[in-house]
>>> print(open('entry-v8.tsv').read())   # TSV, C-alpha atoms
chain	number	residue	atom	x	y	z
A	606	MET	CA	23.18	-26.30	-20.98
A	607	THR	CA	23.74	-29.97	-21.78
A	608	PRO	CA	24.87	-31.80	-18.63
A	609	PRO	CA	28.03	-33.90	-18.55
A	610	VAL	CA	27.49	-37.67	-18.77
A	611	VAL	CA	28.66	-39.97	-15.98
A	612	LEU	CA	28.54	-43.76	-16.15
A	613	THR	CA	28.10	-46.20	-13.26
A	614	ILE	CA	29.10	-49.85	-13.67
A	615	ALA	CA	27.72	-51.61	-10.62
A	616	GLY	CA	25.11	-53.90	-9.09
A	617	SER	CA	21.43	-53.09	-8.61
A	618	ASP	CA	20.10	-52.69	-5.05
A	619	SER	CA	16.38	-53.50	-4.95
A	620	GLY	CA	16.13	-51.56	-1.67
A	621	GLY	CA	17.25	-48.39	-3.44
A	622	GLY	CA	19.92	-47.34	-0.95
A	623	ALA	CA	23.17	-48.41	-2.59
A	624	GLY	CA	24.58	-49.60	-5.90
A	625	ILE	CA	23.21	-48.36	-9.21
A	626	GLN	CA	20.30	-46.65	-7.48
A	627	ALA	CA	22.51	-44.58	-5.14
A	628	ASP	CA	24.86	-43.74	-8.00
A	629	LEU	CA	22.12	-42.44	-10.29
A	630	LYS	CA	20.59	-40.41	-7.45
A	631	THR	CA	23.99	-38.85	-6.77
A	632	PHE	CA	24.54	-38.00	-10.42
A	633	ALA	CA	21.11	-36.38	-10.67
A	634	ALA	CA	21.43	-34.48	-7.41
A	635	LEU	CA	24.73	-33.01	-8.55
A	636	GLY	CA	23.56	-31.99	-12.00
A	637	MET	CA	24.93	-34.80	-14.17
A	638	PHE	CA	23.23	-37.09	-16.68
A	639	GLY	CA	23.58	-40.62	-15.35
A	640	THR	CA	24.01	-43.77	-17.42
A	641	SER	CA	24.45	-47.33	-16.18
A	642	VAL	CA	25.85	-50.78	-16.84
A	643	ILE	CA	24.41	-53.34	-14.43
A	644	THR	CA	26.82	-56.09	-13.36
A	645	ALA	CA	24.51	-57.95	-10.97
A	646	ILE	CA	20.95	-57.97	-9.70
A	647	THR	CA	20.63	-58.25	-5.94
A	648	ALA	CA	17.62	-58.95	-3.76
A	649	GLN	CA	18.46	-56.51	-1.01
A	650	ASN	CA	16.95	-54.27	1.65
A	651	THR	CA	18.18	-52.50	4.79
A	652	LEU	CA	18.58	-55.85	6.57
A	653	GLY	CA	20.85	-57.48	4.02
A	654	VAL	CA	21.23	-59.30	0.73
A	655	THR	CA	19.15	-62.44	0.15
A	656	ALA	CA	20.11	-63.23	-3.44
A	657	VAL	CA	22.67	-62.19	-6.06
A	658	HIS	CA	22.31	-62.87	-9.79
A	659	PRO	CA	25.41	-61.88	-11.80
A	660	VAL	CA	24.68	-60.46	-15.23
A	661	PRO	CA	26.44	-62.52	-17.95
A	662	VAL	CA	29.63	-60.89	-19.19
A	663	ASP	CA	28.36	-60.65	-22.77
A	664	VAL	CA	25.35	-58.65	-21.56
A	665	VAL	CA	27.62	-56.41	-19.48
A	666	ALA	CA	29.75	-55.86	-22.59
A	667	ALA	CA	26.67	-55.07	-24.68
A	668	GLN	CA	25.50	-52.47	-22.14
A	669	LEU	CA	28.96	-50.92	-22.09
A	670	ASP	CA	29.13	-50.76	-25.88
A	671	ALA	CA	25.64	-49.25	-26.07
A	672	VAL	CA	26.55	-46.39	-23.73
A	673	LEU	CA	30.06	-45.66	-24.96
A	674	SER	CA	29.16	-45.79	-28.67
A	675	ASP	CA	26.54	-43.08	-28.35
A	676	LEU	CA	27.05	-40.91	-25.27
A	677	PRO	CA	30.03	-38.66	-24.39
A	678	VAL	CA	30.94	-40.20	-21.03
A	679	ALA	CA	33.12	-37.84	-18.98
A	680	ALA	CA	33.69	-40.04	-15.92
A	681	VAL	CA	33.07	-43.62	-14.84
A	682	LYS	CA	32.40	-45.15	-11.44
A	683	VAL	CA	32.83	-48.90	-10.97
A	684	GLY	CA	31.19	-50.59	-8.00
A	685	MET	CA	30.15	-54.20	-7.41
A	686	ILE	CA	31.95	-56.79	-9.54
A	687	SER	CA	31.34	-60.43	-8.64
A	688	ASP	CA	32.52	-62.11	-11.85
A	689	PRO	CA	36.24	-62.32	-12.79
A	690	ALA	CA	35.23	-62.20	-16.46
A	691	VAL	CA	33.62	-58.79	-15.92
A	692	ALA	CA	36.73	-57.50	-14.17
A	693	LYS	CA	38.85	-58.65	-17.14
A	694	LEU	CA	36.40	-57.02	-19.56
A	695	LEU	CA	36.68	-53.67	-17.79
A	696	ALA	CA	40.46	-53.98	-17.62
A	697	SER	CA	40.53	-54.54	-21.38
A	698	ARG	CA	38.40	-51.42	-21.93
A	699	VAL	CA	40.12	-49.17	-19.38
A	700	ASP	CA	41.30	-46.74	-22.07
A	701	ASP	CA	37.63	-46.11	-22.91
A	702	LEU	CA	36.74	-45.28	-19.29
A	703	PRO	CA	37.76	-41.66	-18.54
A	704	ASN	CA	38.20	-40.38	-14.99
A	705	LEU	CA	37.78	-43.90	-13.64
A	706	VAL	CA	36.75	-44.25	-9.99
A	707	VAL	CA	36.78	-47.77	-8.51
A	708	ASP	CA	34.86	-48.50	-5.32
A	709	PRO	CA	35.93	-52.04	-4.28
A	710	VAL	CA	32.54	-53.22	-3.01
A	711	LEU	CA	33.19	-56.38	-1.03
A	712	VAL	CA	30.64	-56.40	1.81
A	713	ALA	CA	27.26	-54.66	2.11
A	714	THR	CA	26.54	-52.39	5.07
A	715	ALA	CA	24.44	-55.12	6.68
A	716	GLY	CA	27.32	-57.60	6.40
A	717	SER	CA	26.50	-59.64	3.28
A	718	ARG	CA	29.44	-60.50	1.01
A	719	LEU	CA	29.11	-58.99	-2.47
A	720	GLY	CA	32.54	-59.47	-4.02
A	721	GLU	CA	36.00	-60.98	-3.66
A	722	ALA	CA	39.19	-58.99	-3.22
A	723	ALA	CA	40.96	-61.00	-5.93
A	724	VAL	CA	38.27	-60.06	-8.47
A	725	VAL	CA	38.17	-56.36	-7.62
A	726	GLY	CA	41.95	-56.28	-7.34
A	727	VAL	CA	42.27	-56.72	-11.11
A	728	LEU	CA	41.45	-53.02	-11.55
A	729	THR	CA	43.91	-51.71	-8.96
A	730	ALA	CA	46.73	-51.95	-11.49
A	731	TYR	CA	45.16	-49.22	-13.63
A	732	PRO	CA	45.17	-45.40	-13.27
A	733	CYS	CA	41.90	-45.11	-11.37
A	734	ILE	CA	40.83	-43.37	-8.19
A	735	LEU	CA	40.51	-46.25	-5.72
A	736	THR	CA	38.10	-45.65	-2.80
A	737	PRO	CA	38.13	-48.55	-0.31
A	738	ASN	CA	36.96	-48.16	3.25
A	739	ARG	CA	39.52	-49.31	5.78
A	740	HIS	CA	38.09	-52.86	5.92
A	741	GLU	CA	38.13	-53.19	2.12
A	742	ALA	CA	41.68	-51.84	2.06
A	743	GLY	CA	42.61	-54.56	4.51
A	744	ALA	CA	40.97	-57.22	2.34
A	745	LEU	CA	42.84	-55.98	-0.75
A	746	LEU	CA	46.15	-56.06	1.12
A	747	GLY	CA	45.50	-59.22	3.12
A	748	ARG	CA	46.02	-57.61	6.50
A	749	ARG	CA	44.24	-55.54	9.14
A	750	VAL	CA	43.63	-51.85	8.47
A	751	GLU	CA	41.96	-50.15	11.43
A	752	THR	CA	44.00	-47.28	12.88
A	753	THR	CA	44.88	-43.98	11.25
A	754	GLU	CA	48.48	-45.10	10.89
A	755	GLU	CA	47.37	-48.34	9.22
A	756	MET	CA	45.12	-46.37	6.86
A	757	ILE	CA	48.02	-44.09	5.89
A	758	SER	CA	50.25	-47.09	5.19
A	759	ALA	CA	47.50	-48.88	3.26
A	760	ALA	CA	46.78	-45.88	1.04
A	761	ALA	CA	50.44	-45.58	0.05
A	762	GLU	CA	50.79	-49.33	-0.49
A	763	LEU	CA	47.69	-49.53	-2.67
A	764	ALA	CA	48.79	-46.47	-4.65
A	765	ALA	CA	52.06	-48.23	-5.45
A	766	LEU	CA	50.09	-50.92	-7.32
A	767	GLY	CA	49.07	-48.49	-10.05
A	768	PRO	CA	46.05	-46.33	-9.13
A	769	ARG	CA	46.14	-42.63	-9.95
A	770	ALA	CA	45.07	-41.95	-6.36
A	771	VAL	CA	43.78	-43.86	-3.34
A	772	VAL	CA	41.29	-42.71	-0.71
A	773	VAL	CA	40.96	-44.99	2.31
A	774	THR	CA	37.80	-43.95	4.09
A	775	GLY	CA	37.32	-44.21	7.82
A	776	SER	CA	33.54	-44.61	7.71
A	777	GLU	CA	32.13	-43.64	11.10
A	778	LEU	CA	35.49	-42.08	12.09
A	779	ALA	CA	34.85	-39.27	9.55
A	780	LEU	CA	38.57	-39.44	8.79
A	781	ASP	CA	39.73	-40.27	5.27
A	782	VAL	CA	43.27	-40.69	3.95
A	783	LEU	CA	44.07	-39.45	0.44
A	784	HIS	CA	47.28	-40.50	-1.29
A	785	VAL	CA	47.90	-38.80	-4.62
A	786	ALA	CA	51.05	-37.77	-6.50
A	787	GLY	CA	53.21	-39.29	-3.77
A	788	GLU	CA	51.66	-37.19	-1.02
A	789	THR	CA	49.32	-38.20	1.81
A	790	THR	CA	46.63	-35.91	3.18
A	791	LEU	CA	44.33	-36.53	6.15
A	792	LEU	CA	40.78	-35.35	5.51
A	793	ARG	CA	38.94	-34.77	8.76
A	794	GLY	CA	35.21	-34.22	9.07
A	795	ASP	CA	32.49	-33.98	11.67
A	796	PRO	CA	31.09	-37.44	12.52
A	797	VAL	CA	27.35	-37.78	11.98
A	798	VAL	CA	25.52	-39.79	14.62
A	799	THR	CA	23.22	-41.97	12.51
A	800	GLU	CA	22.51	-45.58	11.68
A	801	ASN	CA	21.40	-44.55	8.20
A	802	ASN	CA	24.61	-45.02	6.27
A	803	HIS	CA	23.57	-47.62	3.70
A	804	GLY	CA	25.14	-46.67	0.38
A	805	SER	CA	27.55	-44.09	1.77
A	806	GLY	CA	30.53	-45.67	0.01
A	807	CYS	CA	28.69	-45.87	-3.32
A	808	THR	CA	27.60	-42.26	-2.93
A	809	PHE	CA	31.12	-41.08	-2.09
A	810	SER	CA	32.73	-42.69	-5.12
A	811	SER	CA	29.93	-41.49	-7.41
A	812	ALA	CA	30.30	-37.93	-6.15
A	813	ILE	CA	34.03	-38.07	-6.87
A	814	ALA	CA	33.26	-39.14	-10.44
A	815	VAL	CA	30.82	-36.24	-10.76
A	816	ARG	CA	33.40	-33.68	-9.71
A	817	LEU	CA	36.08	-35.18	-11.97
A	818	ALA	CA	33.61	-34.94	-14.87
A	819	ALA	CA	33.17	-31.27	-13.96
A	820	GLY	CA	36.93	-30.72	-14.22
A	821	ASP	CA	37.99	-30.75	-10.57
A	822	SER	CA	41.42	-31.91	-9.48
A	823	VAL	CA	41.51	-35.16	-7.51
A	824	PRO	CA	41.94	-33.45	-4.10
A	825	ASP	CA	39.11	-31.01	-4.82
A	826	ALA	CA	36.85	-33.81	-6.11
A	827	VAL	CA	37.48	-35.91	-3.01
A	828	ALA	CA	36.84	-32.97	-0.66
A	829	ALA	CA	33.59	-32.08	-2.43
A	830	ALA	CA	32.43	-35.71	-2.33
A	831	LYS	CA	33.20	-35.96	1.37
A	832	ASP	CA	31.10	-32.85	2.03
A	833	TYR	CA	28.21	-34.20	-0.06
A	834	VAL	CA	28.16	-37.52	1.82
A	835	ASN	CA	28.32	-35.72	5.17
A	836	ARG	CA	25.32	-33.59	4.24
A	837	GLY	CA	23.45	-36.64	2.96
A	838	LEU	CA	24.07	-38.47	6.24
A	839	ARG	CA	22.81	-35.49	8.20
A	840	GLY	CA	19.78	-35.08	5.99
A	841	GLY	CA	18.71	-38.70	6.38
A	842	SER	CA	19.69	-39.16	10.01
A	843	SER	CA	16.11	-38.99	11.30
A	844	TRP	CA	14.60	-41.20	8.59
A	845	ARG	CA	12.97	-44.50	9.50
A	846	LEU	CA	13.08	-46.52	6.29
A	847	GLY	CA	13.32	-50.24	6.97
A	848	ALA	CA	14.44	-52.14	10.05
A	849	GLY	CA	18.18	-51.91	9.33
A	850	PRO	CA	20.64	-49.19	8.28
A	851	GLY	CA	18.70	-46.77	6.09
A	852	PRO	CA	19.87	-44.69	3.11
A	853	LEU	CA	21.28	-41.20	2.80
A	854	ASP	CA	19.24	-38.20	1.74
A	855	HIS	CA	20.66	-37.67	-1.73
A	856	PHE	CA	18.47	-34.73	-2.74
A	857	GLY	CA	17.50	-32.74	0.35
A	858	TRP	CA	21.01	-32.55	1.71
A	859	SER	CA	21.52	-28.78	1.92
A	860	VAL	CA	20.91	-28.62	5.68
>>> encode(input="entry-v8.tsv", output="structure tokens")
Amino acid sequence: MTPPVVLTIAGSDSGGGAGIQADLKTFAALGMFGTSVITAITAQNTLGVTAVHPVPVDVVAAQLDAVLSDLPVAAVKVGMISDPAVAKLLASRVDDLPNLVVDPVLVATAGSRLGEAAVVGVLTAYPCILTPNRHEAGALLGRRVETTEEMISAAAELAALGPRAVVVTGSELALDVLHVAGETTLLRGDPVVTENNHGSGCTFSSAIAVRLAAGDSVPDAVAAAKDYVNRGLRGGSSWRLGAGPGPLDHFGWSV
């Protein structure tokens, strides 16, 4: 059977743990055919980001046209955007981006800044699934988001800006807040004790896109993605790849 096609629009991580690389691994692990539009090239490993080279907007547009003109894309995940022109390009093409999931990548796991809230915020006005962690939610809203109550408030406030749904993730808390169709749901999980969480946000948003492409409802897609990330964290918890936070186990996660 021909697999559904999922597109990632994001930055490249030379260390292989996050960004385009994590997205394509997620798509493949979950049975989808992955395609990509690269928005930036980063020199990156588990310790951090040492260089960022944004891809010119005309090249981003050419990649997007090449994919969409030939392949039946069923869902789209957007990650790192560092150029306002790229954000405006995607906003102008939003009707061509089905089942849009936006992961507002602002800071890498190791602490390096990768984007600005004002740039990423351009896409929050459109009917996407927005998946910030609590710190990114705070950056988008210009205030602190740390507690469960603050996450609940942030999810509702961000949803009011236009997204189809908002998931504010709690990272190491293993507690996520989903706001969809005017209702808020707390998604609790079992925390995984591990330092290897590089790319967990990218993986989560990509897994949501996969399940939307497969026809899941938003709540079911989010729940399935949360389970996939949890298993990936457990699978890679004993790995020793690099001197900093290592990646998830995207393929051997059925533990």
>>> residues_around(input="entry-v8.tsv", residues="Ala692 (chain A)", least_positions_apart="2", cutoff="8 Å", atoms="only C-alpha atoms", output="number ranges by chain")
A: 686, 688-690, 694-696, 724-725, 727-728
>>> closest_atom_pairs(input="entry-v8.tsv", of="region 723-742 of chain A", to="region 747-763 of chain A", cutoff="9 Å", atoms="all atoms listed in the file", output="Markdown table")
| residue | atom | partner | partner_atom | distance |
| --- | --- | --- | --- | --- |
| A:Thr729 | CA | A:Leu763 | CA | 7.7 |
| A:Leu735 | CA | A:Leu763 | CA | 8.5 |
| A:Arg739 | CA | A:Val750 | CA | 5.5 |
| A:His740 | CA | A:Val750 | CA | 6.2 |
| A:Glu741 | CA | A:Val750 | CA | 8.5 |
| A:Ala742 | CA | A:Ala759 | CA | 6.6 |
>>> closest_residue(input="entry-v8.tsv", among="A:Ser617, A:Asp628, A:Ser674, A:Ala634", to="Ala656 (chain A)", atoms="all atoms listed in the file")
A:Ser617
>>> residues_around(input="entry-v8.tsv", residues="Phe638 (chain A)", least_positions_apart="2", cutoff="9 Å", atoms="all atoms listed in the file", output="PyMOL selection string")
chain A and resi 607-612+629+632-633+636+640
>>> write_last_selection(input="entry-v8.tsv", atoms="C-alpha atoms", output="CSV table (one decimal), keeping the file's coordinate frame")
chain,number,residue,atom,x,y,z
A,607,THR,CA,23.7,-30.0,-21.8
A,608,PRO,CA,24.9,-31.8,-18.6
A,609,PRO,CA,28.0,-33.9,-18.6
A,610,VAL,CA,27.5,-37.7,-18.8
A,611,VAL,CA,28.7,-40.0,-16.0
A,612,LEU,CA,28.5,-43.8,-16.2
A,629,LEU,CA,22.1,-42.4,-10.3
A,632,PHE,CA,24.5,-38.0,-10.4
A,633,ALA,CA,21.1,-36.4,-10.7
A,636,GLY,CA,23.6,-32.0,-12.0
A,640,THR,CA,24.0,-43.8,-17.4
>>> residues_around(input="entry-v8.tsv", residues="Pro659 (chain A)", least_positions_apart="4", cutoff="12 Å", atoms="only C-alpha atoms", output="list of chain:residue names")
A:Ala615, A:Gly616, A:Ser617, A:Ile643, A:Thr644, A:Ala645, A:Ile646, A:Thr647, A:Ala648, A:Asp663, A:Val664, A:Val665, A:Met685, A:Ile686, A:Ser687, A:Asp688, A:Pro689, A:Ala690, A:Val691, A:Leu719, A:Gly720
>>> closest_residue(input="entry-v8.tsv", among="A:Leu702, A:Ala627, A:Ile614, A:Leu711", to="Gly837 (chain A)", atoms="all atoms listed in the file")
A:Ala627
>>> residues_around(input="entry-v8.tsv", residues="Pro732 (chain A)", least_positions_apart="5", cutoff="7 Å", atoms="only C-alpha atoms", output="ChimeraX atom specification")
/A:767-769
>>> write_last_selection(input="entry-v8.tsv", atoms="C-alpha atoms", output="mmCIF file, keeping the file's coordinate frame")
data_model
loop_
_atom_site.group_PDB
_atom_site.id
_atom_site.type_symbol
_atom_site.label_atom_id
_atom_site.label_comp_id
_atom_site.auth_asym_id
_atom_site.auth_seq_id
_atom_site.Cartn_x
_atom_site.Cartn_y
_atom_site.Cartn_z
ATOM 1 C CA GLY A 767 49.070 -48.490 -10.050
ATOM 2 C CA PRO A 768 46.050 -46.330 -9.130
ATOM 3 C CA ARG A 769 46.140 -42.630 -9.950
#
>>> atom_distance(input="entry-v8.tsv", atom1="CA of Gly847 (chain A)", atom2="CA of Gly653 (chain A)")
10.9 Å
>>> residues_around(input="entry-v8.tsv", residues="region 780-787 of chain A", least_positions_apart="4", cutoff="8 Å", atoms="only C-alpha atoms", output="JSON, numbers by chain")
{"A": [756, 757, 760, 761, 764, 769, 770, 771, 772, 773, 774, 775, 776, 791, 792, 793, 794, 823, 824]}
>>> write_last_selection(input="entry-v8.tsv", atoms="C-alpha atoms", output="JSON list (two decimals), in the coordinates of the input")
[["chain", "number", "residue", "atom", "x", "y", "z"],
["A", 756, "MET", "CA", 45.12, -46.37, 6.86],
["A", 757, "ILE", "CA", 48.02, -44.09, 5.89],
["A", 760, "ALA", "CA", 46.78, -45.88, 1.04],
["A", 761, "ALA", "CA", 50.44, -45.58, 0.05],
["A", 764, "ALA", "CA", 48.79, -46.47, -4.65],
["A", 769, "ARG", "CA", 46.14, -42.63, -9.95],
["A", 770, "ALA", "CA", 45.07, -41.95, -6.36],
["A", 771, "VAL", "CA", 43.78, -43.86, -3.34],
["A", 772, "VAL", "CA", 41.29, -42.71, -0.71],
["A", 773, "VAL", "CA", 40.96, -44.99, 2.31],
["A", 774, "THR", "CA", 37.80, -43.95, 4.09],
["A", 775, "GLY", "CA", 37.32, -44.21, 7.82],
["A", 776, "SER", "CA", 33.54, -44.61, 7.71],
["A", 791, "LEU", "CA", 44.33, -36.53, 6.15],
["A", 792, "LEU", "CA", 40.78, -35.35, 5.51],
["A", 793, "ARG", "CA", 38.94, -34.77, 8.76],
["A", 794, "GLY", "CA", 35.21, -34.22, 9.07],
["A", 823, "VAL", "CA", 41.51, -35.16, -7.51],
["A", 824, "PRO", "CA", 41.94, -33.45, -4.10]]
>>> closest_atom_pairs(input="entry-v8.tsv", of="region 687-805 of chain A", to="region 813-819 of chain A", cutoff="8 Å", atoms="all atoms listed in the file", output="Markdown table")
| residue | atom | partner | partner_atom | distance |
| --- | --- | --- | --- | --- |
| A:Asn704 | CA | A:Leu817 | CA | 6.4 |
| A:Leu705 | CA | A:Ala814 | CA | 7.3 |
| A:Val706 | CA | A:Ala814 | CA | 6.2 |
>>> atom_distance(input="entry-v8.tsv", atom1="CA of Leu635 (chain A)", atom2="CA of Phe856 (chain A)")
8.7 Å
>>> axis_aligned_box(input="entry-v8.tsv", around="region 739-747 of chain A", padding_each_side="6 Å", output="lines of an AutoDock Vina configuration file")
center_x = 42.1
center_y = -54.3
center_z = 2.6
size_x = 20.1
size_y = 21.9
size_z = 18.7
>>> atom_distance(input="entry-v8.tsv", atom1="CA of Asp854 (chain A)", atom2="CA of Ile734 (chain A)")
24.3 Å
>>> closest_residue(input="entry-v8.tsv", among="A:Asn650, A:Val660, A:Ser619, A:Leu669", to="Gly849 (chain A)", atoms="only C-alpha atoms")
A:Asn650
>>> closest_residue(input="entry-v8.tsv", among="A:Leu652, A:Met637, A:Val699, A:Val834", to="Ala679 (chain A)", atoms="all atoms listed in the file")
A:Met637
>>> closest_residue(input="entry-v8.tsv", among="A:Pro852, A:Val662, A:Tyr731, A:Ala667", to="Gly621 (chain A)", atoms="only C-alpha atoms")
A:Pro852
